[in-house]
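Participant: Data file model.pdb (PDB, C-alpha atoms and all ligand atoms) is appended below.
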ATOM      1  CA  MET A   1      42.963   9.524  17.360
ATOM      2  CA  SER A   2      39.848   8.933  15.293
ATOM      3  CA  ALA A   3      36.503   9.302  17.036
ATOM      4  CA  ARG A   4      34.987   6.199  18.591
ATOM      5  CA  VAL A   5      31.556   5.296  17.245
ATOM      6  CA  ALA A   6      29.144   2.552  18.302
ATOM      7  CA  PHE A   7      26.507   1.342  15.856
ATOM      8  CA  VAL A   8      23.478  -0.541  17.202
ATOM      9  CA  GLY A   9      21.255  -2.421  14.721
ATOM     10  CA  LEU A  10      22.809  -4.062  11.677
ATOM     11  CA  GLY A  11      19.703  -4.644   9.558
ATOM     12  CA  VAL A  12      19.188  -3.859   5.890
ATOM     13  CA  MET A  13      20.077  -0.216   6.587
ATOM     14  CA  GLY A  14      22.407  -0.354   9.607
ATOM     15  CA  PHE A  15      24.803  -2.971   8.240
ATOM     16  CA  PRO A  16      26.011  -0.880   5.282
ATOM     17  CA  MET A  17      25.801   2.415   7.229
ATOM     18  CA  ALA A  18      28.153   1.070   9.904
ATOM     19  CA  GLY A  19      30.406  -0.201   7.122
ATOM     20  CA  HIS A  20      30.756   3.336   5.710
ATOM     21  CA  LEU A  21      31.844   4.595   9.155
ATOM     22  CA  LYS A  22      34.603   1.985   9.294
ATOM     23  CA  ALA A  23      35.669   2.820   5.736
ATOM     24  CA  LYS A  24      35.978   6.506   6.729
ATOM     25  CA  GLY A  25      38.452   5.537   9.461
ATOM     26  CA  TYR A  26      36.263   5.730  12.567
ATOM     27  CA  ASP A  27      36.969   3.340  15.431
ATOM     28  CA  VAL A  28      33.710   1.347  15.212
ATOM     29  CA  THR A  29      32.092  -1.083  17.679
ATOM     30  CA  VAL A  30      28.835  -2.727  16.619
ATOM     31  CA  TYR A  31      25.973  -4.443  18.413
ATOM     32  CA  ASN A  32      23.243  -6.547  16.862
ATOM     33  CA  ARG A  33      20.522  -8.475  18.724
ATOM     34  CA  THR A  34      21.119 -11.504  16.508
ATOM     35  CA  ALA A  35      24.817 -11.952  17.204
ATOM     36  CA  ALA A  36      25.584 -13.794  13.956
ATOM     37  CA  LYS A  37      24.983 -10.586  12.003
ATOM     38  CA  ALA A  38      27.451  -8.669  14.164
ATOM     39  CA  GLU A  39      30.031 -11.416  13.591
ATOM     40  CA  GLU A  40      29.386 -11.227   9.849
ATOM     41  CA  TRP A  41      29.869  -7.445   9.979
ATOM     42  CA  VAL A  42      33.189  -7.701  11.866
ATOM     43  CA  LYS A  43      34.379 -10.340   9.414
ATOM     44  CA  LYS A  44      33.571  -8.060   6.496
ATOM     45  CA  HIS A  45      34.659  -4.680   7.857
ATOM     46  CA  GLY A  46      36.986  -5.262  10.838
ATOM     47  CA  GLY A  47      36.220  -3.324  14.030
ATOM     48  CA  LYS A  48      34.734  -4.883  17.149
ATOM     49  CA  SER A  49      31.385  -6.209  18.310
ATOM     50  CA  ALA A  50      29.884  -6.058  21.805
ATOM     51  CA  PRO A  51      27.366  -8.320  23.590
ATOM     52  CA  THR A  52      24.871  -5.575  24.598
ATOM     53  CA  PRO A  53      24.006  -2.039  23.429
ATOM     54  CA  ALA A  54      25.428  -0.705  26.716
ATOM     55  CA  ALA A  55      28.720  -2.563  26.232
ATOM     56  CA  ALA A  56      28.990  -1.202  22.683
ATOM     57  CA  ALA A  57      28.303   2.361  23.873
ATOM     58  CA  ARG A  58      30.773   2.520  26.768
ATOM     59  CA  ASP A  59      33.501   5.172  26.262
ATOM     60  CA  MET A  60      32.186   6.087  22.804
ATOM     61  CA  ASP A  61      32.121   9.642  21.442
ATOM     62  CA  PHE A  62      29.090   8.869  19.260
ATOM     63  CA  VAL A  63      26.440   6.165  19.415
ATOM     64  CA  MET A  64      24.200   5.568  16.405
ATOM     65  CA  THR A  65      21.084   3.385  16.571
ATOM     66  CA  MET A  66      19.060   1.976  13.643
ATOM     67  CA  VAL A  67      16.379  -0.437  14.833
ATOM     68  CA  GLY A  68      12.691  -1.019  14.020
ATOM     69  CA  ASN A  69      10.018   0.994  15.824
ATOM     70  CA  ASP A  70       9.325   3.074  18.963
ATOM     71  CA  ASP A  71       9.554   0.112  21.358
ATOM     72  CA  ASP A  72      12.840  -1.006  19.832
ATOM     73  CA  VAL A  73      14.297   2.497  20.162
ATOM     74  CA  LEU A  74      13.321   2.595  23.833
ATOM     75  CA  ALA A  75      14.757  -0.905  24.394
ATOM     76  CA  VAL A  76      18.194  -0.133  22.952
ATOM     77  CA  THR A  77      18.444   3.361  24.467
ATOM     78  CA  THR A  78      16.631   3.444  27.821
ATOM     79  CA  GLY A  79      16.455  -0.298  28.651
ATOM     80  CA  SER A  80      18.597  -1.805  31.422
ATOM     81  CA  ASP A  81      21.217  -2.810  28.832
ATOM     82  CA  GLY A  82      20.493   0.252  26.715
ATOM     83  CA  VAL A  83      23.136   2.666  25.515
ATOM     84  CA  LEU A  84      22.192   5.472  27.924
ATOM     85  CA  ALA A  85      23.169   3.226  30.862
ATOM     86  CA  ALA A  86      26.785   3.338  29.695
ATOM     87  CA  MET A  87      27.353   6.529  27.689
ATOM     88  CA  ALA A  88      29.613   9.184  29.173
ATOM     89  CA  LYS A  89      28.616  12.789  29.803
ATOM     90  CA  GLY A  90      29.303  14.839  26.672
ATOM     91  CA  ALA A  91      28.799  11.931  24.269
ATOM     92  CA  ILE A  92      26.237  12.164  21.462
ATOM     93  CA  LEU A  93      23.426   9.694  20.719
ATOM     94  CA  VAL A  94      21.962   9.685  17.196
ATOM     95  CA  ASP A  95      18.878   7.605  16.369
ATOM     96  CA  HIS A  96      18.348   6.824  12.679
ATOM     97  CA  THR A  97      15.222   4.676  13.210
ATOM     98  CA  THR A  98      11.946   5.961  11.750
ATOM     99  CA  ALA A  99       9.964   6.415  14.973
ATOM    100  CA  SER A 100       7.499   8.859  16.530
ATOM    101  CA  ALA A 101       8.384  12.423  17.510
ATOM    102  CA  ASP A 102       7.099  11.620  21.017
ATOM    103  CA  VAL A 103       9.716   8.916  21.477
ATOM    104  CA  ALA A 104      12.385  11.245  20.120
ATOM    105  CA  ARG A 105      11.426  13.912  22.670
ATOM    106  CA  LYS A 106      11.327  11.327  25.455
ATOM    107  CA  VAL A 107      14.814   9.971  24.697
ATOM    108  CA  PHE A 108      16.091  13.540  24.238
ATOM    109  CA  GLY A 109      14.886  14.403  27.768
ATOM    110  CA  LEU A 110      16.271  11.257  29.404
ATOM    111  CA  ALA A 111      19.615  11.755  27.655
ATOM    112  CA  LYS A 112      19.766  15.434  28.599
ATOM    113  CA  ASP A 113      19.319  14.511  32.294
ATOM    114  CA  LYS A 114      22.540  12.503  31.962
ATOM    115  CA  GLY A 115      24.441  15.255  30.111
ATOM    116  CA  ILE A 116      24.175  13.356  26.818
ATOM    117  CA  ALA A 117      22.992  15.014  23.598
ATOM    118  CA  PHE A 118      20.363  13.276  21.485
ATOM    119  CA  ILE A 119      19.576  13.791  17.816
ATOM    120  CA  ASP A 120      16.613  12.133  16.073
ATOM    121  CA  ALA A 121      17.869  11.480  12.564
ATOM    122  CA  PRO A 122      15.626   9.284  10.386
ATOM    123  CA  VAL A 123      16.796   8.708   6.845
ATOM    124  CA  SER A 124      15.421   8.555   3.323
ATOM    125  CA  GLY A 125      17.033   6.860   0.353
ATOM    126  CA  GLY A 126      16.354   3.211   1.096
ATOM    127  CA  GLN A 127      18.638   0.208   0.974
ATOM    128  CA  ALA A 128      20.393   1.543  -2.137
ATOM    129  CA  GLY A 129      21.046   4.884  -0.405
ATOM    130  CA  ALA A 130      22.501   3.078   2.617
ATOM    131  CA  GLU A 131      24.692   0.877   0.446
ATOM    132  CA  ASN A 132      26.081   3.656  -1.729
ATOM    133  CA  GLY A 133      26.364   6.134   1.159
ATOM    134  CA  LYS A 134      23.870   8.625  -0.290
ATOM    135  CA  LEU A 135      21.154   8.873   2.349
ATOM    136  CA  THR A 136      19.215  12.025   3.189
ATOM    137  CA  VAL A 137      19.238  12.539   6.969
ATOM    138  CA  MET A 138      16.557  14.669   8.670
ATOM    139  CA  CYS A 139      17.616  15.800  12.119
ATOM    140  CA  GLY A 140      16.033  17.237  15.255
ATOM    141  CA  GLY A 141      17.932  18.426  18.305
ATOM    142  CA  GLU A 142      20.355  21.117  19.450
ATOM    143  CA  SER A 143      22.738  22.772  17.044
ATOM    144  CA  ALA A 144      26.091  22.329  18.866
ATOM    145  CA  PRO A 145      25.911  18.505  19.064
ATOM    146  CA  PHE A 146      24.428  18.444  15.554
ATOM    147  CA  ASP A 147      27.490  20.289  14.242
ATOM    148  CA  ARG A 148      29.732  17.698  15.924
ATOM    149  CA  ALA A 149      27.732  14.707  14.684
ATOM    150  CA  LYS A 150      27.198  15.909  11.113
ATOM    151  CA  PRO A 151      30.658  14.902   9.827
ATOM    152  CA  VAL A 152      30.105  11.402  11.229
ATOM    153  CA  MET A 153      26.726  11.118   9.467
ATOM    154  CA  ASP A 154      28.284  12.526   6.282
ATOM    155  CA  SER A 155      30.021   9.128   6.010
ATOM    156  CA  TYR A 156      26.799   7.621   4.638
ATOM    157  CA  ALA A 157      24.789  10.642   3.501
ATOM    158  CA  ARG A 158      24.554  13.179   0.717
ATOM    159  CA  ALA A 159      22.503  15.591   2.835
ATOM    160  CA  VAL A 160      22.368  15.945   6.623
ATOM    161  CA  THR A 161      20.118  18.782   7.810
ATOM    162  CA  LEU A 162      18.975  20.090  11.182
ATOM    163  CA  LEU A 163      15.271  20.978  10.923
ATOM    164  CA  GLY A 164      14.485  22.103  14.451
ATOM    165  CA  ALA A 165      14.276  20.943  18.053
ATOM    166  CA  ALA A 166      13.986  17.327  19.230
ATOM    167  CA  GLY A 167      11.363  15.485  17.152
ATOM    168  CA  ALA A 168      11.737  17.728  14.082
ATOM    169  CA  GLY A 169      13.669  15.028  12.213
ATOM    170  CA  GLN A 170      10.892  12.487  12.785
ATOM    171  CA  LEU A 171       8.214  15.024  11.822
ATOM    172  CA  THR A 172      10.072  15.737   8.574
ATOM    173  CA  LYS A 173      10.290  12.031   7.795
ATOM    174  CA  MET A 174       6.492  11.878   8.301
ATOM    175  CA  VAL A 175       6.079  14.590   5.656
ATOM    176  CA  ASN A 176       8.279  12.493   3.361
ATOM    177  CA  GLN A 177       6.101   9.392   3.854
ATOM    178  CA  VAL A 178       2.842  11.331   3.395
ATOM    179  CA  CYS A 179       4.145  12.706   0.075
ATOM    180  CA  ILE A 180       5.253   9.258  -1.096
ATOM    181  CA  ALA A 181       1.984   7.477  -0.225
ATOM    182  CA  GLY A 182      -0.208   9.407  -2.645
ATOM    183  CA  ARG A 183       2.451   9.449  -5.318
ATOM    184  CA  VAL A 184       2.858   5.662  -5.428
ATOM    185  CA  GLN A 185      -0.915   5.144  -5.549
ATOM    186  CA  GLY A 186      -1.188   7.658  -8.419
ATOM    187  CA  LEU A 187       1.540   5.856 -10.317
ATOM    188  CA  ALA A 188      -0.120   2.466  -9.724
ATOM    189  CA  GLU A 189      -3.459   3.805 -11.000
ATOM    190  CA  GLY A 190      -1.799   5.335 -14.059
ATOM    191  CA  ILE A 191      -0.059   2.100 -15.024
ATOM    192  CA  ALA A 192      -3.187  -0.017 -14.422
ATOM    193  CA  PHE A 193      -5.237   2.465 -16.492
ATOM    194  CA  ALA A 194      -2.726   2.385 -19.362
ATOM    195  CA  GLU A 195      -2.912  -1.396 -19.437
ATOM    196  CA  LYS A 196      -6.743  -1.465 -19.410
ATOM    197  CA  ALA A 197      -6.759   1.167 -22.164
ATOM    198  CA  GLY A 198      -4.744  -1.172 -24.360
ATOM    199  CA  LEU A 199      -1.707   1.098 -24.439
ATOM    200  CA  ASP A 200       1.915  -0.069 -24.347
ATOM    201  CA  ALA A 201       2.523   0.810 -20.685
ATOM    202  CA  ASP A 202       6.313   0.793 -21.104
ATOM    203  CA  LEU A 203       6.134   3.287 -23.962
ATOM    204  CA  VAL A 204       3.589   5.450 -22.099
ATOM    205  CA  LEU A 205       5.722   5.629 -18.971
ATOM    206  CA  ASP A 206       8.871   6.293 -20.969
ATOM    207  CA  VAL A 207       7.139   9.292 -22.545
ATOM    208  CA  ILE A 208       5.361  10.761 -19.521
ATOM    209  CA  SER A 209       8.412  10.358 -17.287
ATOM    210  CA  LYS A 210       9.936  13.124 -19.402
ATOM    211  CA  GLY A 211       7.039  15.462 -18.605
ATOM    212  CA  ALA A 212       5.242  16.960 -15.611
ATOM    213  CA  ALA A 213       4.221  13.573 -14.180
ATOM    214  CA  GLN A 214       7.865  12.660 -13.578
ATOM    215  CA  SER A 215       8.860  11.564 -10.066
ATOM    216  CA  TRP A 216      11.485   9.454  -8.268
ATOM    217  CA  GLN A 217       8.894   6.704  -7.908
ATOM    218  CA  MET A 218       8.122   6.824 -11.615
ATOM    219  CA  GLU A 219      11.782   6.895 -12.659
ATOM    220  CA  ASN A 220      12.800   4.071 -10.351
ATOM    221  CA  ARG A 221       9.730   1.856 -10.150
ATOM    222  CA  TRP A 222       7.572   1.902 -13.280
ATOM    223  CA  LYS A 223       9.471  -0.902 -15.011
ATOM    224  CA  THR A 224       9.383  -3.207 -11.998
ATOM    225  CA  MET A 225       5.720  -2.343 -11.348
ATOM    226  CA  THR A 226       4.695  -3.299 -14.875
ATOM    227  CA  GLU A 227       6.669  -6.549 -14.430
ATOM    228  CA  GLY A 228       5.132  -7.263 -11.002
ATOM    229  CA  HIS A 229       8.484  -7.363  -9.173
ATOM    230  CA  PHE A 230       8.214  -6.079  -5.617
ATOM    231  CA  THR A 231      11.353  -7.346  -3.930
ATOM    232  CA  HIS A 232      13.776  -4.470  -4.024
ATOM    233  CA  GLY A 233      12.754  -1.630  -1.747
ATOM    234  CA  PHE A 234      11.001  -0.431   1.363
ATOM    235  CA  ALA A 235       8.703  -3.087   2.875
ATOM    236  CA  VAL A 236       4.926  -2.628   3.179
ATOM    237  CA  ASN A 237       5.101  -3.538   6.891
ATOM    238  CA  TRP A 238       7.529  -0.638   7.472
ATOM    239  CA  MET A 239       5.349   1.729   5.435
ATOM    240  CA  ARG A 240       2.276   0.861   7.536
ATOM    241  CA  LYS A 241       4.317   1.479  10.685
ATOM    242  CA  ASP A 242       5.304   4.888   9.306
ATOM    243  CA  LEU A 243       1.800   5.810   8.117
ATOM    244  CA  SER A 244       0.344   4.881  11.479
ATOM    245  CA  ILE A 245       2.808   7.305  13.119
ATOM    246  CA  CYS A 246       1.777   9.979  10.575
ATOM    247  CA  LEU A 247      -1.952   9.427  11.139
ATOM    248  CA  GLU A 248      -1.617   9.426  14.913
ATOM    249  CA  THR A 249       0.414  12.632  14.785
ATOM    250  CA  ALA A 250      -2.145  14.245  12.451
ATOM    251  CA  ARG A 251      -4.929  13.291  14.851
ATOM    252  CA  ALA A 252      -3.058  15.166  17.564
ATOM    253  CA  ASN A 253      -2.068  18.252  15.561
ATOM    254  CA  GLY A 254      -5.261  18.640  13.498
ATOM    255  CA  ALA A 255      -3.702  18.057  10.052
ATOM    256  CA  HIS A 256      -5.874  16.314   7.448
ATOM    257  CA  LEU A 257      -4.370  13.279   5.734
ATOM    258  CA  PRO A 258      -7.274  11.739   3.793
ATOM    259  CA  VAL A 259      -5.153  10.258   0.988
ATOM    260  CA  ALA A 260      -2.502   8.879   3.365
ATOM    261  CA  ALA A 261      -5.276   7.261   5.446
ATOM    262  CA  LEU A 262      -6.782   5.654   2.354
ATOM    263  CA  VAL A 263      -3.432   4.425   1.050
ATOM    264  CA  ASP A 264      -2.716   2.965   4.494
ATOM    265  CA  GLN A 265      -5.879   0.866   4.073
ATOM    266  CA  PHE A 266      -4.757  -0.189   0.580
ATOM    267  CA  TYR A 267      -1.486  -1.389   2.128
ATOM    268  CA  SER A 268      -3.480  -3.445   4.629
ATOM    269  CA  GLU A 269      -5.026  -5.220   1.618
ATOM    270  CA  ILE A 270      -1.525  -5.864   0.269
ATOM    271  CA  GLN A 271      -0.582  -7.390   3.622
ATOM    272  CA  ALA A 272      -3.678  -9.614   3.399
ATOM    273  CA  MET A 273      -2.492 -10.684  -0.068
ATOM    274  CA  GLY A 274       0.757 -11.927   1.517
ATOM    275  CA  GLY A 275       2.754  -8.819   0.660
ATOM    276  CA  GLN A 276       4.092  -7.842   4.085
ATOM    277  CA  ARG A 277       7.663  -7.828   2.810
ATOM    278  CA  TRP A 278       6.873  -6.649  -0.726
ATOM    279  CA  ASP A 279       8.046  -3.123  -1.385
ATOM    280  CA  THR A 280       5.712  -0.139  -1.418
ATOM    281  CA  SER A 281       5.257  -0.128  -5.210
ATOM    282  CA  SER A 282       3.143  -3.310  -4.767
ATOM    283  CA  LEU A 283       0.057  -1.043  -4.506
ATOM    284  CA  ILE A 284      -0.452  -1.911  -8.158
ATOM    285  CA  ALA A 285      -1.004  -5.587  -7.242
ATOM    286  CA  ARG A 286      -4.405  -4.847  -5.631
ATOM    287  CA  LEU A 287      -5.548  -3.043  -8.796
ATOM    288  CA  GLU A 288      -4.608  -6.013 -10.960
ATOM    289  CA  ARG A 289      -6.235  -8.792  -8.910
TER     290      ARG A 289
HETATM  291  P1  LIG B   1      15.656  -4.467   9.477
HETATM  292  O1  LIG B   1      16.451  -4.996   8.338
HETATM  293  O2  LIG B   1      14.468  -5.255   9.945
HETATM  294  O3  LIG B   1      16.669  -4.286  10.711
HETATM  295  C1  LIG B   1      16.236  -3.925  11.989
HETATM  296  C2  LIG B   1      17.414  -4.004  12.924
HETATM  297  O4  LIG B   1      17.022  -3.609  14.227
HETATM  298  C3  LIG B   1      17.983  -5.409  13.062
HETATM  299  O5  LIG B   1      19.376  -5.309  13.233
HETATM  300  C4  LIG B   1      17.309  -5.900  14.353
HETATM  301  O6  LIG B   1      18.052  -6.927  15.004
HETATM  302  C5  LIG B   1      17.327  -4.625  15.165
HETATM  303  N1  LIG B   1      16.304  -4.606  16.207
HETATM  304  C6  LIG B   1      14.963  -4.497  16.041
HETATM  305  N2  LIG B   1      14.351  -4.481  17.238
HETATM  306  C7  LIG B   1      15.316  -4.567  18.167
HETATM  307  C8  LIG B   1      15.297  -4.590  19.591
HETATM  308  N3  LIG B   1      14.149  -4.495  20.278
HETATM  309  N4  LIG B   1      16.473  -4.705  20.225
HETATM  310  C9  LIG B   1      17.623  -4.772  19.531
HETATM  311  N5  LIG B   1      17.711  -4.745  18.200
HETATM  312  C10 LIG B   1      16.567  -4.648  17.523
HETATM  313  O7  LIG B   1      15.148  -2.994   9.213
HETATM  314  P2  LIG B   1      15.751  -1.864   8.241
HETATM  315  O8  LIG B   1      15.177  -2.034   6.881
HETATM  316  O9  LIG B   1      17.225  -1.789   8.419
HETATM  317  O10 LIG B   1      15.033  -0.560   8.856
HETATM  318  C11 LIG B   1      15.460   0.010  10.078
HETATM  319  C12 LIG B   1      14.721   1.323  10.318
HETATM  320  O11 LIG B   1      14.973   2.196   9.214
HETATM  321  C13 LIG B   1      13.182   1.194  10.403
HETATM  322  O12 LIG B   1      12.702   2.133  11.330
HETATM  323  C14 LIG B   1      12.731   1.553   8.995
HETATM  324  O13 LIG B   1      11.412   2.070   8.977
HETATM  325  C15 LIG B   1      13.752   2.607   8.612
HETATM  326  N6  LIG B   1      14.002   2.781   7.169
HETATM  327  C16 LIG B   1      14.163   1.692   6.375
HETATM  328  C17 LIG B   1      14.392   1.883   5.016
HETATM  329  C18 LIG B   1      14.544   0.699   4.074
HETATM  330  O14 LIG B   1      14.490   0.900   2.855
HETATM  331  N7  LIG B   1      14.753  -0.534   4.574
HETATM  332  C19 LIG B   1      14.467   3.169   4.486
HETATM  333  C20 LIG B   1      14.352   4.272   5.331
HETATM  334  C21 LIG B   1      14.120   4.061   6.679
HETATM  335  P3  LIG B   1      17.942  -8.470  14.538
HETATM  336  O15 LIG B   1      18.962  -8.637  13.460
HETATM  337  O16 LIG B   1      18.246  -9.263  15.743
HETATM  338  O17 LIG B   1      16.525  -8.669  14.059
END
Can you give me the file's structure in the form of structure tokens?
Ligand code: NAP
Facilitator:
Amino acid sequence: MSARVAFVGLGVMGFPMAGHLKAKGYDVTVYNRTAAKAEEWVKKHGGKSAPTPAAAARDMDFVMTMVGNDDDVLAVTTGSDGVLAAMAKGAILVDHTTASADVARKVFGLAKDKGIAFIDAPVSGGQAGAENGKLTVMCGGESAPFDRAKPVMDSYARAVTLLGAAGAGQLTKMVNQVCIAGRVQGLAEGIAFAEKAGLDADLVLDVISKGAAQSWQMENRWKTMTEGHFTHGFAVNWMRKDLSICLETARANGAHLPVAALVDQFYSEIQAMGGQRWDTSSLIARLER
């Protein structure tokens, strides 16, 4: 019999991720707060939907969650209708939300008290990575449950790695976001400079993307940035949520994040310009006002 998997949170990321599980032959039950989305998912993929996270999680071997922020993770895991209220001893809970390491450690402890394993497993790769099943998954937790859960996560990932104890997945995702913040700002400044200098920005970027300045952001975003299209990727509101987790964590551990702090403020200007749902490459918009 194929393993039973519940998936909680069918947003931009969760909807296609749960679809990959069904396509791989898992017995999938979904929950989504807005029920219409769960119905849409069942219509598209088959499987079942449940009225609460707890109902979805009952008798499951694995429960995956993909919601918004710390409070949402706590609501769907430790709330009265949360998955931990219903999961059986020996089952494994995997949270794919980008959240704080503190929340990961808290849920890990509460789950452990019930004999349930918890893995914090935020992802990188965006909507496209979720849709084509090529996410990078950064995990924290214990190795035995990780080894059991990895094949399930492989359904929608190209790399699934255990980086340390509970919280290590979230800390790794923070490193990812810190690296991206400065890189996108650098790219935005480069493009804006090229335009002011009277250069053909398209030609410039085509050339320098073959040299040392090359990056994923450059490869995938320079064309849309020069065209002013910001509708295809990771939303500014999500990035500010992530950077605030990074900055708070740095305050606690003594790391210095001056560029990430500055870029966070630039994103607040983008929000003030109406760009809450624009993608992160919209940093160029504040340079071209
Ligand atoms: P999204 O489209 O806004 O979806 C969020 C999902 O969580 C929705 O299904 C929402 O339900 C559910 N949800 C939120 N709060 C809830 C609560 N308190 N109780 C129950 N359900 C709740 O977001 P997303 O883009 O999929 O992102 C999800 C997570 O992945 C975030 O932590 C984000 O930072 C991270 N992430 C996103 C990307 C990306 O490119 N989008 C990339 C990497 C990581 P409703 O349908 O009812 O609103």
Participant: Written as a PyMOL selection string, what is the full residue list that the PyMOL selection byres (((not hetatm)) within 9 of (chain B and resi 1)) yields on the file shown?
Facilitator: chain A and resi 8-15+31-38+52-53+65-76+96-99+122-130+135+173+232-235+237-239+241-242+279
Participant: Taking the file above as input, evaluate the PyMOL selection byres (((chain A and resi 118) around 12) and not hetatm) and report the hits as a PyMOL selection string.
Facilitator: chain A and resi 62-65+77+83-84+87+89-96+103-117+119-121+139-146+148-149+165-167+169
Participant: Could you turn the residues from that selection into a file that holds C-alpha atoms, as an mmCIF file, keeping the file's coordinate frame?
Facilitator:
data_model
loop_
_atom_site.group_PDB
_atom_site.id
_atom_site.type_symbol
_atom_site.label_atom_id
_atom_site.label_comp_id
_atom_site.auth_asym_id
_atom_site.auth_seq_id
_atom_site.Cartn_x
_atom_site.Cartn_y
_atom_site.Cartn_z
ATOM 1 C CA PHE A 62 29.090 8.869 19.260
ATOM 2 C CA VAL A 63 26.440 6.165 19.415
ATOM 3 C CA MET A 64 24.200 5.568 16.405
ATOM 4 C CA THR A 65 21.084 3.385 16.571
ATOM 5 C CA THR A 77 18.444 3.361 24.467
ATOM 6 C CA VAL A 83 23.136 2.666 25.515
ATOM 7 C CA LEU A 84 22.192 5.472 27.924
ATOM 8 C CA MET A 87 27.353 6.529 27.689
ATOM 9 C CA LYS A 89 28.616 12.789 29.803
ATOM 10 C CA GLY A 90 29.303 14.839 26.672
ATOM 11 C CA ALA A 91 28.799 11.931 24.269
ATOM 12 C CA ILE A 92 26.237 12.164 21.462
ATOM 13 C CA LEU A 93 23.426 9.694 20.719
ATOM 14 C CA VAL A 94 21.962 9.685 17.196
ATOM 15 C CA ASP A 95 18.878 7.605 16.369
ATOM 16 C CA HIS A 96 18.348 6.824 12.679
ATOM 17 C CA VAL A 103 9.716 8.916 21.477
ATOM 18 C CA ALA A 104 12.385 11.245 20.120
ATOM 19 C CA ARG A 105 11.426 13.912 22.670
ATOM 20 C CA LYS A 106 11.327 11.327 25.455
ATOM 21 C CA VAL A 107 14.814 9.971 24.697
ATOM 22 C CA PHE A 108 16.091 13.540 24.238
ATOM 23 C CA GLY A 109 14.886 14.403 27.768
ATOM 24 C CA LEU A 110 16.271 11.257 29.404
ATOM 25 C CA ALA A 111 19.615 11.755 27.655
ATOM 26 C CA LYS A 112 19.766 15.434 28.599
ATOM 27 C CA ASP A 113 19.319 14.511 32.294
ATOM 28 C CA LYS A 114 22.540 12.503 31.962
ATOM 29 C CA GLY A 115 24.441 15.255 30.111
ATOM 30 C CA ILE A 116 24.175 13.356 26.818
ATOM 31 C CA ALA A 117 22.992 15.014 23.598
ATOM 32 C CA ILE A 119 19.576 13.791 17.816
ATOM 33 C CA ASP A 120 16.613 12.133 16.073
ATOM 34 C CA ALA A 121 17.869 11.480 12.564
ATOM 35 C CA CYS A 139 17.616 15.800 12.119
ATOM 36 C CA GLY A 140 16.033 17.237 15.255
ATOM 37 C CA GLY A 141 17.932 18.426 18.305
ATOM 38 C CA GLU A 142 20.355 21.117 19.450
ATOM 39 C CA SER A 143 22.738 22.772 17.044
ATOM 40 C CA ALA A 144 26.091 22.329 18.866
ATOM 41 C CA PRO A 145 25.911 18.505 19.064
ATOM 42 C CA PHE A 146 24.428 18.444 15.554
ATOM 43 C CA ARG A 148 29.732 17.698 15.924
ATOM 44 C CA ALA A 149 27.732 14.707 14.684
ATOM 45 C CA ALA A 165 14.276 20.943 18.053
ATOM 46 C CA ALA A 166 13.986 17.327 19.230
ATOM 47 C CA GLY A 167 11.363 15.485 17.152
ATOM 48 C CA GLY A 169 13.669 15.028 12.213
#
Participant: On this file, the PyMOL selection byres (((chain A and resi 26) around 7) and not hetatm) gives some set of residues; write that set as a list in words.
Facilitator: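 When the PyMOL selection byres (((chain A and resi 26) around 7) and not hetatm) is applied, the selected residues are Ser2, Ala3, Arg4, Val5, Leu21, Lys22, Lys24, Gly25, Asp27 and Val28 of chain A.
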Participant: Let me know the centre plus edge lengths, in Å and rounded to one decimal, of a box with edges along x, y and z that contains all listed atoms of segment 239-247 of chain A and is padded by 3 Å on every side, as lines of an AutoDock Vina configuration file.
Facilitator:
center_x = 1.7
center_y = 5.4
center_z = 9.3
size_x = 13.3
size_y = 15.1
size_z = 13.7
Participant: Quick one: of A:Ala85, A:Ala255, A:Leu283, A:Ala6, who's nearest to Gly19 of chain A, counting only C-alpha atoms?
Facilitator: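 Comparing A:Ala85, A:Ala255, A:Leu283, A:Ala6 against Gly19 of chain A, the winner is A:Ala6.
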Participant: Write out as a PDB file with C-alpha atoms, keeping the file's coordinate frame which residues come within 8 Å of Glu269 of chain A when counting only C-alpha atoms, dropping same-chain ones fewer than 4 positions away.
Facilitator:
ATOM      1  CA  GLN A 265      -5.879   0.866   4.073  1.00  0.00           C
ATOM      2  CA  MET A 273      -2.492 -10.684  -0.068  1.00  0.00           C
ATOM      3  CA  ARG A 286      -4.405  -4.847  -5.631  1.00  0.00           C
TER       4      ARG A 286
END
Participant: Using atom CA of Ala188 of chain A and atom CA of Cys246 of chain A as the two end points, give the distance in Å to one decimal.
Facilitator: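 Interatomic distance, atom CA of Ala188 of chain A to atom CA of Cys246 of chain A: 21.7 Å.
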